[in-house]
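Undergrad: Below is the file structure_16.pdb, with PDB, C-alpha atoms.
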```
ATOM      1  CA  LYS A   1       6.328  18.445   6.066  1.00  0.00           C
ATOM      2  CA  ASN A   2       4.805  15.131   4.954  1.00  0.00           C
ATOM      3  CA  GLU A   3       1.202  14.432   5.858  1.00  0.00           C
ATOM      4  CA  VAL A   4       2.279  11.099   7.351  1.00  0.00           C
ATOM      5  CA  GLU A   5       5.460  10.790   9.396  1.00  0.00           C
ATOM      6  CA  GLN A   6       6.878   7.553  10.755  1.00  0.00           C
ATOM      7  CA  SER A   7       9.540   6.980  13.350  1.00  0.00           C
ATOM      8  CA  PRO A   8      12.030   5.568  13.604  1.00  0.00           C
ATOM      9  CA  GLN A   9      13.136   5.223   9.970  1.00  0.00           C
ATOM     10  CA  ASN A  10      15.318   2.252  10.865  1.00  0.00           C
ATOM     11  CA  LEU A  11      15.186  -0.035  13.877  1.00  0.00           C
ATOM     12  CA  THR A  12      17.457  -2.932  14.770  1.00  0.00           C
ATOM     13  CA  ALA A  13      16.631  -5.073  17.783  1.00  0.00           C
ATOM     14  CA  GLN A  14      17.474  -8.416  19.341  1.00  0.00           C
ATOM     15  CA  GLU A  15      15.106 -11.343  19.053  1.00  0.00           C
ATOM     16  CA  GLY A  16      12.531 -11.266  21.832  1.00  0.00           C
ATOM     17  CA  GLU A  17      12.494  -7.500  22.280  1.00  0.00           C
ATOM     18  CA  PHE A  18       9.296  -5.451  22.388  1.00  0.00           C
ATOM     19  CA  ILE A  19       9.082  -3.231  19.306  1.00  0.00           C
ATOM     20  CA  THR A  20       7.205   0.048  18.851  1.00  0.00           C
ATOM     21  CA  ILE A  21       6.826   1.879  15.554  1.00  0.00           C
ATOM     22  CA  ASN A  22       5.113   5.263  15.514  1.00  0.00           C
ATOM     23  CA  CYS A  23       3.010   7.074  12.941  1.00  0.00           C
ATOM     24  CA  SER A  24       1.854  10.692  13.153  1.00  0.00           C
ATOM     25  CA  TYR A  25      -0.386  12.407  10.638  1.00  0.00           C
ATOM     26  CA  SER A  26      -1.491  15.976  10.106  1.00  0.00           C
ATOM     27  CA  VAL A  27      -4.863  15.632   8.358  1.00  0.00           C
ATOM     28  CA  GLY A  28      -8.280  14.461   9.441  1.00  0.00           C
ATOM     29  CA  ILE A  29      -8.665  10.796   8.650  1.00  0.00           C
ATOM     30  CA  SER A  30     -11.379   8.183   8.473  1.00  0.00           C
ATOM     31  CA  ALA A  31      -9.032   5.192   8.727  1.00  0.00           C
ATOM     32  CA  LEU A  32      -5.386   4.264   9.198  1.00  0.00           C
ATOM     33  CA  HIS A  33      -3.687   1.190   7.754  1.00  0.00           C
ATOM     34  CA  TRP A  34      -0.565  -0.631   8.858  1.00  0.00           C
ATOM     35  CA  LEU A  35       1.160  -2.552   6.079  1.00  0.00           C
ATOM     36  CA  GLN A  36       4.116  -4.937   6.105  1.00  0.00           C
ATOM     37  CA  GLN A  37       6.476  -5.144   3.136  1.00  0.00           C
ATOM     38  CA  HIS A  38       8.881  -8.074   3.067  1.00  0.00           C
ATOM     39  CA  PRO A  39      12.340  -7.974   1.459  1.00  0.00           C
ATOM     40  CA  GLY A  40      10.929  -9.662  -1.647  1.00  0.00           C
ATOM     41  CA  GLY A  41       8.632  -6.662  -2.103  1.00  0.00           C
ATOM     42  CA  GLY A  42       5.223  -8.152  -1.342  1.00  0.00           C
ATOM     43  CA  ILE A  43       2.849  -6.070   0.789  1.00  0.00           C
ATOM     44  CA  VAL A  44       0.496  -7.464   3.410  1.00  0.00           C
ATOM     45  CA  SER A  45      -2.201  -5.438   5.121  1.00  0.00           C
ATOM     46  CA  LEU A  46      -1.835  -5.947   8.888  1.00  0.00           C
ATOM     47  CA  PHE A  47      -4.502  -3.695  10.375  1.00  0.00           C
ATOM     48  CA  MET A  48      -7.058  -1.082   9.522  1.00  0.00           C
ATOM     49  CA  LEU A  49      -8.049   1.189  12.414  1.00  0.00           C
ATOM     50  CA  SER A  50     -10.457   4.023  12.882  1.00  0.00           C
ATOM     51  CA  SER A  51     -10.370   4.057  16.679  1.00  0.00           C
ATOM     52  CA  GLY A  52      -9.005   2.222  19.703  1.00  0.00           C
ATOM     53  CA  LYS A  53      -6.857  -0.851  19.483  1.00  0.00           C
ATOM     54  CA  LYS A  54      -6.584  -4.068  17.492  1.00  0.00           C
ATOM     55  CA  LYS A  55      -4.574  -7.213  18.197  1.00  0.00           C
ATOM     56  CA  HIS A  56      -3.554 -10.062  15.945  1.00  0.00           C
ATOM     57  CA  GLY A  57      -1.173 -12.617  17.378  1.00  0.00           C
ATOM     58  CA  ARG A  58       1.963 -10.781  18.528  1.00  0.00           C
ATOM     59  CA  LEU A  59       0.975  -7.567  16.760  1.00  0.00           C
ATOM     60  CA  ILE A  60      -0.971  -4.749  18.412  1.00  0.00           C
ATOM     61  CA  ALA A  61      -2.024  -1.506  16.748  1.00  0.00           C
ATOM     62  CA  THR A  62      -3.405   1.518  18.550  1.00  0.00           C
ATOM     63  CA  ILE A  63      -4.691   4.853  17.382  1.00  0.00           C
ATOM     64  CA  ASN A  64      -5.391   8.149  19.158  1.00  0.00           C
ATOM     65  CA  ILE A  65      -7.569  10.235  16.864  1.00  0.00           C
ATOM     66  CA  GLN A  66      -7.326  13.390  19.023  1.00  0.00           C
ATOM     67  CA  GLU A  67      -3.529  13.286  19.018  1.00  0.00           C
ATOM     68  CA  LYS A  68      -3.349  12.153  15.364  1.00  0.00           C
ATOM     69  CA  HIS A  69      -1.027   9.313  16.299  1.00  0.00           C
ATOM     70  CA  SER A  70      -0.867   5.559  15.883  1.00  0.00           C
ATOM     71  CA  SER A  71       1.555   2.926  17.123  1.00  0.00           C
ATOM     72  CA  LEU A  72       2.336  -0.586  15.973  1.00  0.00           C
ATOM     73  CA  HIS A  73       3.744  -2.890  18.645  1.00  0.00           C
ATOM     74  CA  ILE A  74       5.365  -6.280  18.175  1.00  0.00           C
ATOM     75  CA  THR A  75       5.777  -8.472  21.241  1.00  0.00           C
ATOM     76  CA  ALA A  76       8.423 -11.212  21.471  1.00  0.00           C
ATOM     77  CA  SER A  77       9.972 -10.116  18.175  1.00  0.00           C
ATOM     78  CA  HIS A  78      11.373 -12.761  15.837  1.00  0.00           C
ATOM     79  CA  PRO A  79      13.736 -12.547  12.842  1.00  0.00           C
ATOM     80  CA  ARG A  80      10.797 -13.293  10.537  1.00  0.00           C
ATOM     81  CA  ASP A  81       9.315  -9.934  11.651  1.00  0.00           C
ATOM     82  CA  SER A  82      12.146  -8.221   9.745  1.00  0.00           C
ATOM     83  CA  ALA A  83      10.414  -6.114   7.122  1.00  0.00           C
ATOM     84  CA  VAL A  84       9.434  -2.546   6.278  1.00  0.00           C
ATOM     85  CA  TYR A  85       6.324  -1.398   8.136  1.00  0.00           C
ATOM     86  CA  ILE A  86       4.290   1.290   6.430  1.00  0.00           C
ATOM     87  CA  CYS A  87       1.550   3.475   7.842  1.00  0.00           C
ATOM     88  CA  ALA A  88      -1.110   4.835   5.462  1.00  0.00           C
ATOM     89  CA  VAL A  89      -4.053   7.127   6.121  1.00  0.00           C
ATOM     90  CA  ARG A  90      -7.384   7.499   4.374  1.00  0.00           C
ATOM     91  CA  SER A  91      -8.584  11.084   4.513  1.00  0.00           C
ATOM     92  CA  ASN A  92     -11.959  12.382   5.598  1.00  0.00           C
ATOM     93  CA  PHE A  93     -12.790  13.517   2.078  1.00  0.00           C
ATOM     94  CA  GLY A  94     -14.830  10.475   1.183  1.00  0.00           C
ATOM     95  CA  ASN A  95     -12.537   8.845  -1.343  1.00  0.00           C
ATOM     96  CA  GLU A  96     -10.150   5.939  -1.196  1.00  0.00           C
ATOM     97  CA  LYS A  97      -6.905   7.839  -1.676  1.00  0.00           C
ATOM     98  CA  LEU A  98      -4.350   6.466   0.788  1.00  0.00           C
ATOM     99  CA  THR A  99      -1.405   8.661   1.775  1.00  0.00           C
ATOM    100  CA  PHE A 100       1.610   6.630   2.841  1.00  0.00           C
ATOM    101  CA  GLY A 101       4.409   7.164   5.296  1.00  0.00           C
ATOM    102  CA  THR A 102       7.957   6.444   4.187  1.00  0.00           C
ATOM    103  CA  GLY A 103       8.147   3.259   6.214  1.00  0.00           C
ATOM    104  CA  THR A 104      10.168   1.882   9.108  1.00  0.00           C
ATOM    105  CA  ARG A 105      12.771  -0.736   8.270  1.00  0.00           C
ATOM    106  CA  LEU A 106      12.853  -3.291  11.104  1.00  0.00           C
ATOM    107  CA  THR A 107      15.669  -5.800  11.476  1.00  0.00           C
ATOM    108  CA  ILE A 108      15.486  -8.426  14.209  1.00  0.00           C
ATOM    109  CA  ILE A 109      18.797 -10.095  15.015  1.00  0.00           C
ATOM    110  CA  PRO A 110      18.717 -13.715  16.271  1.00  0.00           C
TER
ATOM    111  CA  ASP B   1      -0.514 -16.437  -2.730  1.00  0.00           C
ATOM    112  CA  SER B   2      -2.721 -13.457  -1.835  1.00  0.00           C
ATOM    113  CA  GLY B   3      -5.299 -14.176  -4.525  1.00  0.00           C
ATOM    114  CA  VAL B   4      -4.460 -10.965  -6.412  1.00  0.00           C
ATOM    115  CA  THR B   5      -2.535 -11.765  -9.600  1.00  0.00           C
ATOM    116  CA  GLN B   6      -0.325  -9.262 -11.337  1.00  0.00           C
ATOM    117  CA  THR B   7       1.446  -9.733 -14.639  1.00  0.00           C
ATOM    118  CA  PRO B   8       4.129  -9.347 -15.727  1.00  0.00           C
ATOM    119  CA  LYS B   9       6.328  -9.656 -12.637  1.00  0.00           C
ATOM    120  CA  HIS B  10       9.219  -7.898 -14.328  1.00  0.00           C
ATOM    121  CA  LEU B  11       9.338  -5.681 -17.393  1.00  0.00           C
ATOM    122  CA  ILE B  12      12.281  -3.900 -18.972  1.00  0.00           C
ATOM    123  CA  THR B  13      11.632  -1.405 -21.710  1.00  0.00           C
ATOM    124  CA  ALA B  14      13.010   1.747 -23.295  1.00  0.00           C
ATOM    125  CA  THR B  15      12.091   5.392 -22.917  1.00  0.00           C
ATOM    126  CA  GLY B  16       9.201   6.454 -25.111  1.00  0.00           C
ATOM    127  CA  GLN B  17       7.629   3.019 -25.144  1.00  0.00           C
ATOM    128  CA  ARG B  18       4.194   1.941 -23.894  1.00  0.00           C
ATOM    129  CA  VAL B  19       3.442  -0.953 -21.537  1.00  0.00           C
ATOM    130  CA  THR B  20       0.356  -2.543 -20.037  1.00  0.00           C
ATOM    131  CA  LEU B  21       0.242  -4.005 -16.548  1.00  0.00           C
ATOM    132  CA  ARG B  22      -2.526  -6.417 -15.696  1.00  0.00           C
ATOM    133  CA  CYS B  23      -4.245  -7.215 -12.425  1.00  0.00           C
ATOM    134  CA  SER B  24      -6.786  -9.900 -11.556  1.00  0.00           C
ATOM    135  CA  PRO B  25      -8.455  -9.169  -8.215  1.00  0.00           C
ATOM    136  CA  ARG B  26      -9.177 -11.692  -5.489  1.00  0.00           C
ATOM    137  CA  SER B  27     -12.264 -13.731  -6.251  1.00  0.00           C
ATOM    138  CA  GLY B  28     -15.361 -11.791  -5.192  1.00  0.00           C
ATOM    139  CA  ASP B  29     -13.601  -8.427  -4.836  1.00  0.00           C
ATOM    140  CA  LEU B  30     -15.156  -5.594  -6.817  1.00  0.00           C
ATOM    141  CA  SER B  31     -12.608  -2.841  -6.169  1.00  0.00           C
ATOM    142  CA  VAL B  32      -9.160  -2.572  -7.707  1.00  0.00           C
ATOM    143  CA  TYR B  33      -6.538  -0.052  -6.640  1.00  0.00           C
ATOM    144  CA  TRP B  34      -3.245   0.820  -8.347  1.00  0.00           C
ATOM    145  CA  TYR B  35      -0.194   2.113  -6.489  1.00  0.00           C
ATOM    146  CA  GLN B  36       3.294   3.140  -7.591  1.00  0.00           C
ATOM    147  CA  GLN B  37       6.339   2.601  -5.375  1.00  0.00           C
ATOM    148  CA  SER B  38       9.516   4.363  -6.445  1.00  0.00           C
ATOM    149  CA  LEU B  39      12.753   4.862  -4.551  1.00  0.00           C
ATOM    150  CA  ASP B  40      12.400   8.617  -4.295  1.00  0.00           C
ATOM    151  CA  GLN B  41       8.618   8.988  -3.865  1.00  0.00           C
ATOM    152  CA  GLY B  42       7.713   5.921  -1.828  1.00  0.00           C
ATOM    153  CA  LEU B  43       4.222   4.457  -2.221  1.00  0.00           C
ATOM    154  CA  GLN B  44       1.652   6.604  -4.007  1.00  0.00           C
ATOM    155  CA  PHE B  45      -1.991   5.949  -4.782  1.00  0.00           C
ATOM    156  CA  LEU B  46      -2.730   6.163  -8.491  1.00  0.00           C
ATOM    157  CA  ILE B  47      -6.346   5.205  -9.110  1.00  0.00           C
ATOM    158  CA  GLN B  48      -9.273   3.074  -7.900  1.00  0.00           C
ATOM    159  CA  TYR B  49     -11.990   1.280  -9.852  1.00  0.00           C
ATOM    160  CA  TYR B  50     -15.126  -0.219  -8.380  1.00  0.00           C
ATOM    161  CA  ASN B  51     -17.219  -2.628 -10.446  1.00  0.00           C
ATOM    162  CA  GLY B  52     -15.988  -1.125 -13.699  1.00  0.00           C
ATOM    163  CA  GLU B  53     -16.303   2.543 -12.748  1.00  0.00           C
ATOM    164  CA  GLU B  54     -13.523   4.922 -11.759  1.00  0.00           C
ATOM    165  CA  ARG B  55     -14.040   5.717  -8.054  1.00  0.00           C
ATOM    166  CA  ALA B  56     -11.030   7.746  -6.945  1.00  0.00           C
ATOM    167  CA  LYS B  57      -8.015   9.306  -8.580  1.00  0.00           C
ATOM    168  CA  GLY B  58      -4.665  10.101  -7.014  1.00  0.00           C
ATOM    169  CA  ASN B  59      -1.304  11.170  -8.381  1.00  0.00           C
ATOM    170  CA  ILE B  60      -1.744   9.531 -11.764  1.00  0.00           C
ATOM    171  CA  LEU B  61       0.060  11.169 -14.669  1.00  0.00           C
ATOM    172  CA  GLU B  62      -1.812  12.020 -17.865  1.00  0.00           C
ATOM    173  CA  ARG B  63       0.478   9.566 -19.699  1.00  0.00           C
ATOM    174  CA  PHE B  64      -1.005   6.792 -17.560  1.00  0.00           C
ATOM    175  CA  SER B  65      -4.497   5.388 -17.879  1.00  0.00           C
ATOM    176  CA  ALA B  66      -6.387   2.493 -16.392  1.00  0.00           C
ATOM    177  CA  GLN B  67      -9.597   0.600 -16.812  1.00  0.00           C
ATOM    178  CA  GLN B  68     -11.525  -2.220 -15.183  1.00  0.00           C
ATOM    179  CA  PHE B  69     -13.215  -4.739 -17.445  1.00  0.00           C
ATOM    180  CA  PRO B  70     -16.569  -6.546 -16.990  1.00  0.00           C
ATOM    181  CA  ASP B  71     -14.741  -9.603 -15.620  1.00  0.00           C
ATOM    182  CA  LEU B  72     -13.257  -7.193 -13.011  1.00  0.00           C
ATOM    183  CA  HIS B  73      -9.658  -7.525 -14.083  1.00  0.00           C
ATOM    184  CA  SER B  74      -7.868  -4.221 -14.502  1.00  0.00           C
ATOM    185  CA  GLU B  75      -5.137  -2.881 -16.723  1.00  0.00           C
ATOM    186  CA  LEU B  76      -2.793   0.043 -16.134  1.00  0.00           C
ATOM    187  CA  ASN B  77      -1.411   1.536 -19.333  1.00  0.00           C
ATOM    188  CA  LEU B  78       1.789   3.549 -19.154  1.00  0.00           C
ATOM    189  CA  SER B  79       2.828   5.448 -22.267  1.00  0.00           C
ATOM    190  CA  SER B  80       5.684   7.707 -23.403  1.00  0.00           C
ATOM    191  CA  LEU B  81       7.731   6.111 -20.679  1.00  0.00           C
ATOM    192  CA  GLU B  82      10.446   8.094 -18.928  1.00  0.00           C
ATOM    193  CA  LEU B  83      13.327   6.949 -16.766  1.00  0.00           C
ATOM    194  CA  GLY B  84      11.458   8.228 -13.720  1.00  0.00           C
ATOM    195  CA  ASP B  85       8.593   5.822 -14.342  1.00  0.00           C
ATOM    196  CA  SER B  86      10.831   2.956 -13.217  1.00  0.00           C
ATOM    197  CA  ALA B  87       9.097   1.626 -10.127  1.00  0.00           C
ATOM    198  CA  LEU B  88       7.171  -1.207  -8.553  1.00  0.00           C
ATOM    199  CA  TYR B  89       3.506  -1.043  -9.504  1.00  0.00           C
ATOM    200  CA  PHE B  90       1.132  -2.700  -7.072  1.00  0.00           C
ATOM    201  CA  CYS B  91      -2.450  -3.644  -7.540  1.00  0.00           C
ATOM    202  CA  ALA B  92      -4.718  -4.279  -4.556  1.00  0.00           C
ATOM    203  CA  SER B  93      -8.327  -5.370  -4.311  1.00  0.00           C
ATOM    204  CA  SER B  94     -11.125  -5.168  -1.792  1.00  0.00           C
ATOM    205  CA  ALA B  95     -14.669  -6.425  -1.661  1.00  0.00           C
ATOM    206  CA  TRP B  96     -16.421  -3.071  -1.632  1.00  0.00           C
ATOM    207  CA  GLY B  97     -15.893   0.475  -2.821  1.00  0.00           C
ATOM    208  CA  THR B  98     -14.547   1.709   0.452  1.00  0.00           C
ATOM    209  CA  THR B  99     -11.958   0.348   2.857  1.00  0.00           C
ATOM    210  CA  SER B 100     -13.475   2.215   5.792  1.00  0.00           C
ATOM    211  CA  SER B 101     -15.310  -0.859   7.010  1.00  0.00           C
ATOM    212  CA  GLY B 102     -13.184  -3.071   9.217  1.00  0.00           C
ATOM    213  CA  ALA B 103     -14.343  -6.134   7.333  1.00  0.00           C
ATOM    214  CA  ASN B 104     -13.260  -4.805   3.940  1.00  0.00           C
ATOM    215  CA  VAL B 105      -9.753  -6.213   3.680  1.00  0.00           C
ATOM    216  CA  LEU B 106      -7.234  -4.657   1.295  1.00  0.00           C
ATOM    217  CA  THR B 107      -5.271  -7.439  -0.439  1.00  0.00           C
ATOM    218  CA  PHE B 108      -2.141  -6.657  -2.444  1.00  0.00           C
ATOM    219  CA  GLY B 109      -0.653  -8.405  -5.433  1.00  0.00           C
ATOM    220  CA  ALA B 110       3.054  -9.200  -5.642  1.00  0.00           C
ATOM    221  CA  GLY B 111       3.729  -6.190  -7.855  1.00  0.00           C
ATOM    222  CA  SER B 112       5.093  -5.563 -11.333  1.00  0.00           C
ATOM    223  CA  ARG B 113       8.630  -4.203 -11.446  1.00  0.00           C
ATOM    224  CA  LEU B 114       9.072  -1.821 -14.380  1.00  0.00           C
ATOM    225  CA  THR B 115      12.532  -0.761 -15.475  1.00  0.00           C
ATOM    226  CA  VAL B 116      12.797   1.945 -18.108  1.00  0.00           C
ATOM    227  CA  LEU B 117      16.219   2.193 -19.767  1.00  0.00           C
TER
END
```
For the file at hand, write its structure as structure tokens.
TA:
Amino acid sequence: KNEVEQSPQNLTAQEGEFITINCSYSVGISALHWLQQHPGGGIVSLFMLSSGKKKHGRLIATINIQEKHSSLHITASHPRDSAVYICAVRSNFGNEKLTFGTGTRLTIIP
Amino acid sequence: DSGVTQTPKHLITATGQRVTLRCSPRSGDLSVYWYQQSLDQGLQFLIQYYNGEERAKGNILERFSAQQFPDLHSELNLSSLELGDSALYFCASSAWGTTSSGANVLTFGAGSRLTVL
């Protein structure tokens, strides 16, 4: 079993739909990152969370440390949101090693 | 443009060869991180440098080495290349040695795509 599991692996939705991507992890962590990778390959860091909730524009990320679970929500989805979304966790062991999930491929249809 | 510059963008080479990938961090960032993204393994952390010193090590093979220079740019050296080393290699930078602070943004370069034939 991977330390970081994401679901779903693939998600196709209509423009305007509310999107939820889930990330579960099995180790103690000090931080969790959500990353966006566009079809061209470039990676953008969306959020870094250690507790609670963060919002940036139409994106919302939440984390529940007790349940070892995080969600990334996209409101009013748009075709430009089509990308691979990757969850990564930083362990409690005091170093900067990030362990990555396998990603969720999101496709938004106009 | 993220501010993190990686060269070359694409590299094709043969098995057994050696290559060097270069990364210039965002202005003011002291930490550089290297990651490998392959089709079968996904993204993996390789190594981190902070202000010239190695800070953390991940799944980096002994055939691979890295360093960070006084001007803070970093190089990842890959030697005795194998077909399985074909991957996207990303560099990222951050201001400090740890990304645990909410203000310490992790910024990625565009990646170097290595193909080993």
Undergrad: When the PyMOL selection byres ((chain A) within 12 of (chain B)) is applied to the structure above, which residues does it catch, written out as a ChimeraX atom specification?
TA: /A:2,4,29-51,54,84,86-104
Undergrad: If we count all atoms listed in the file, what is near Pro8 in chain A at a cut-off of 10 Å, once residues fewer than 4 positions away on the same chain are taken out, given as a VMD selection string?
TA: chain A and resid 20 to 23 103 to 106
Undergrad: Expressed in Å to a single decimal, how great is the separation between CA of Phe64 in chain B and CA of Thr115 in chain B?
TA: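 Going from CA of Phe64 in chain B over to CA of Thr115 in chain B covers 15.6 Å.
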Undergrad: Please return as an MDAnalysis selection string every residue within 7 Å of (-7.7, -6.4, -6.3), taking into account all atoms listed in the file and the file's own coordinates.
TA: chainID B and resid 4 24:26 29 31:33 91:94 107:108
Undergrad: Quote the spacing between CA of Gln14 in chain A and CA of Pro79 in chain A in Å to one decimal place.
TA: 8.6 Å
Undergrad: Just to confirm, what's the straight-line distance from CA of Asp85 in chain B to CA of Val116 in chain B in Å (one decimal)?
TA: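 The value is 6.8 Å.
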Undergrad: Apply the PyMOL selection byres ((chain B and resi 71-79) around 7) to the structure shown and report the selected residues as a PDB file with C-alpha atoms, in the coordinates of the input.
TA:
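For reference, out.pdb as written:
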```
ATOM      1  CA  GLN B  17       7.629   3.019 -25.144  1.00  0.00           C
ATOM      2  CA  ARG B  18       4.194   1.941 -23.894  1.00  0.00           C
ATOM      3  CA  VAL B  19       3.442  -0.953 -21.537  1.00  0.00           C
ATOM      4  CA  THR B  20       0.356  -2.543 -20.037  1.00  0.00           C
ATOM      5  CA  LEU B  21       0.242  -4.005 -16.548  1.00  0.00           C
ATOM      6  CA  ARG B  22      -2.526  -6.417 -15.696  1.00  0.00           C
ATOM      7  CA  CYS B  23      -4.245  -7.215 -12.425  1.00  0.00           C
ATOM      8  CA  SER B  24      -6.786  -9.900 -11.556  1.00  0.00           C
ATOM      9  CA  PRO B  25      -8.455  -9.169  -8.215  1.00  0.00           C
ATOM     10  CA  LEU B  30     -15.156  -5.594  -6.817  1.00  0.00           C
ATOM     11  CA  ASN B  51     -17.219  -2.628 -10.446  1.00  0.00           C
ATOM     12  CA  GLY B  52     -15.988  -1.125 -13.699  1.00  0.00           C
ATOM     13  CA  ARG B  63       0.478   9.566 -19.699  1.00  0.00           C
ATOM     14  CA  PHE B  64      -1.005   6.792 -17.560  1.00  0.00           C
ATOM     15  CA  SER B  65      -4.497   5.388 -17.879  1.00  0.00           C
ATOM     16  CA  ALA B  66      -6.387   2.493 -16.392  1.00  0.00           C
ATOM     17  CA  GLN B  67      -9.597   0.600 -16.812  1.00  0.00           C
ATOM     18  CA  GLN B  68     -11.525  -2.220 -15.183  1.00  0.00           C
ATOM     19  CA  PHE B  69     -13.215  -4.739 -17.445  1.00  0.00           C
ATOM     20  CA  PRO B  70     -16.569  -6.546 -16.990  1.00  0.00           C
ATOM     21  CA  SER B  80       5.684   7.707 -23.403  1.00  0.00           C
ATOM     22  CA  LEU B  81       7.731   6.111 -20.679  1.00  0.00           C
TER      23      LEU B  81
END
```
Undergrad: (0.6, 9.4, 17.3) in this file's frame - what residues fall within 6 Å of it? Use only C-alpha atoms and give the answer as a PDB file with C-alpha atoms, in the coordinates of the input.
TA:
```
ATOM      1  CA  CYS A  23       3.010   7.074  12.941  1.00  0.00           C
ATOM      2  CA  SER A  24       1.854  10.692  13.153  1.00  0.00           C
ATOM      3  CA  GLU A  67      -3.529  13.286  19.018  1.00  0.00           C
ATOM      4  CA  LYS A  68      -3.349  12.153  15.364  1.00  0.00           C
ATOM      5  CA  HIS A  69      -1.027   9.313  16.299  1.00  0.00           C
ATOM      6  CA  SER A  70      -0.867   5.559  15.883  1.00  0.00           C
TER       7      SER A  70
END
```
Undergrad: When the PyMOL selection byres ((chain A and resi 81) around 12) is applied to the file above, which residues end up in the set, as a PyMOL selection string?
TA: chain A and resi 11-19+36-39+58-59+73-80+82-85+105-110
Undergrad: Out of A:Glu5, A:Val27, A:Leu72, A:Asn10, which residue has the shortest atom-to-atom distance to Lys53 in chain A when counting all atoms listed in the file?
TA: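 Looking at the shortest contact to Lys53 in chain A, the residue is A:Leu72.
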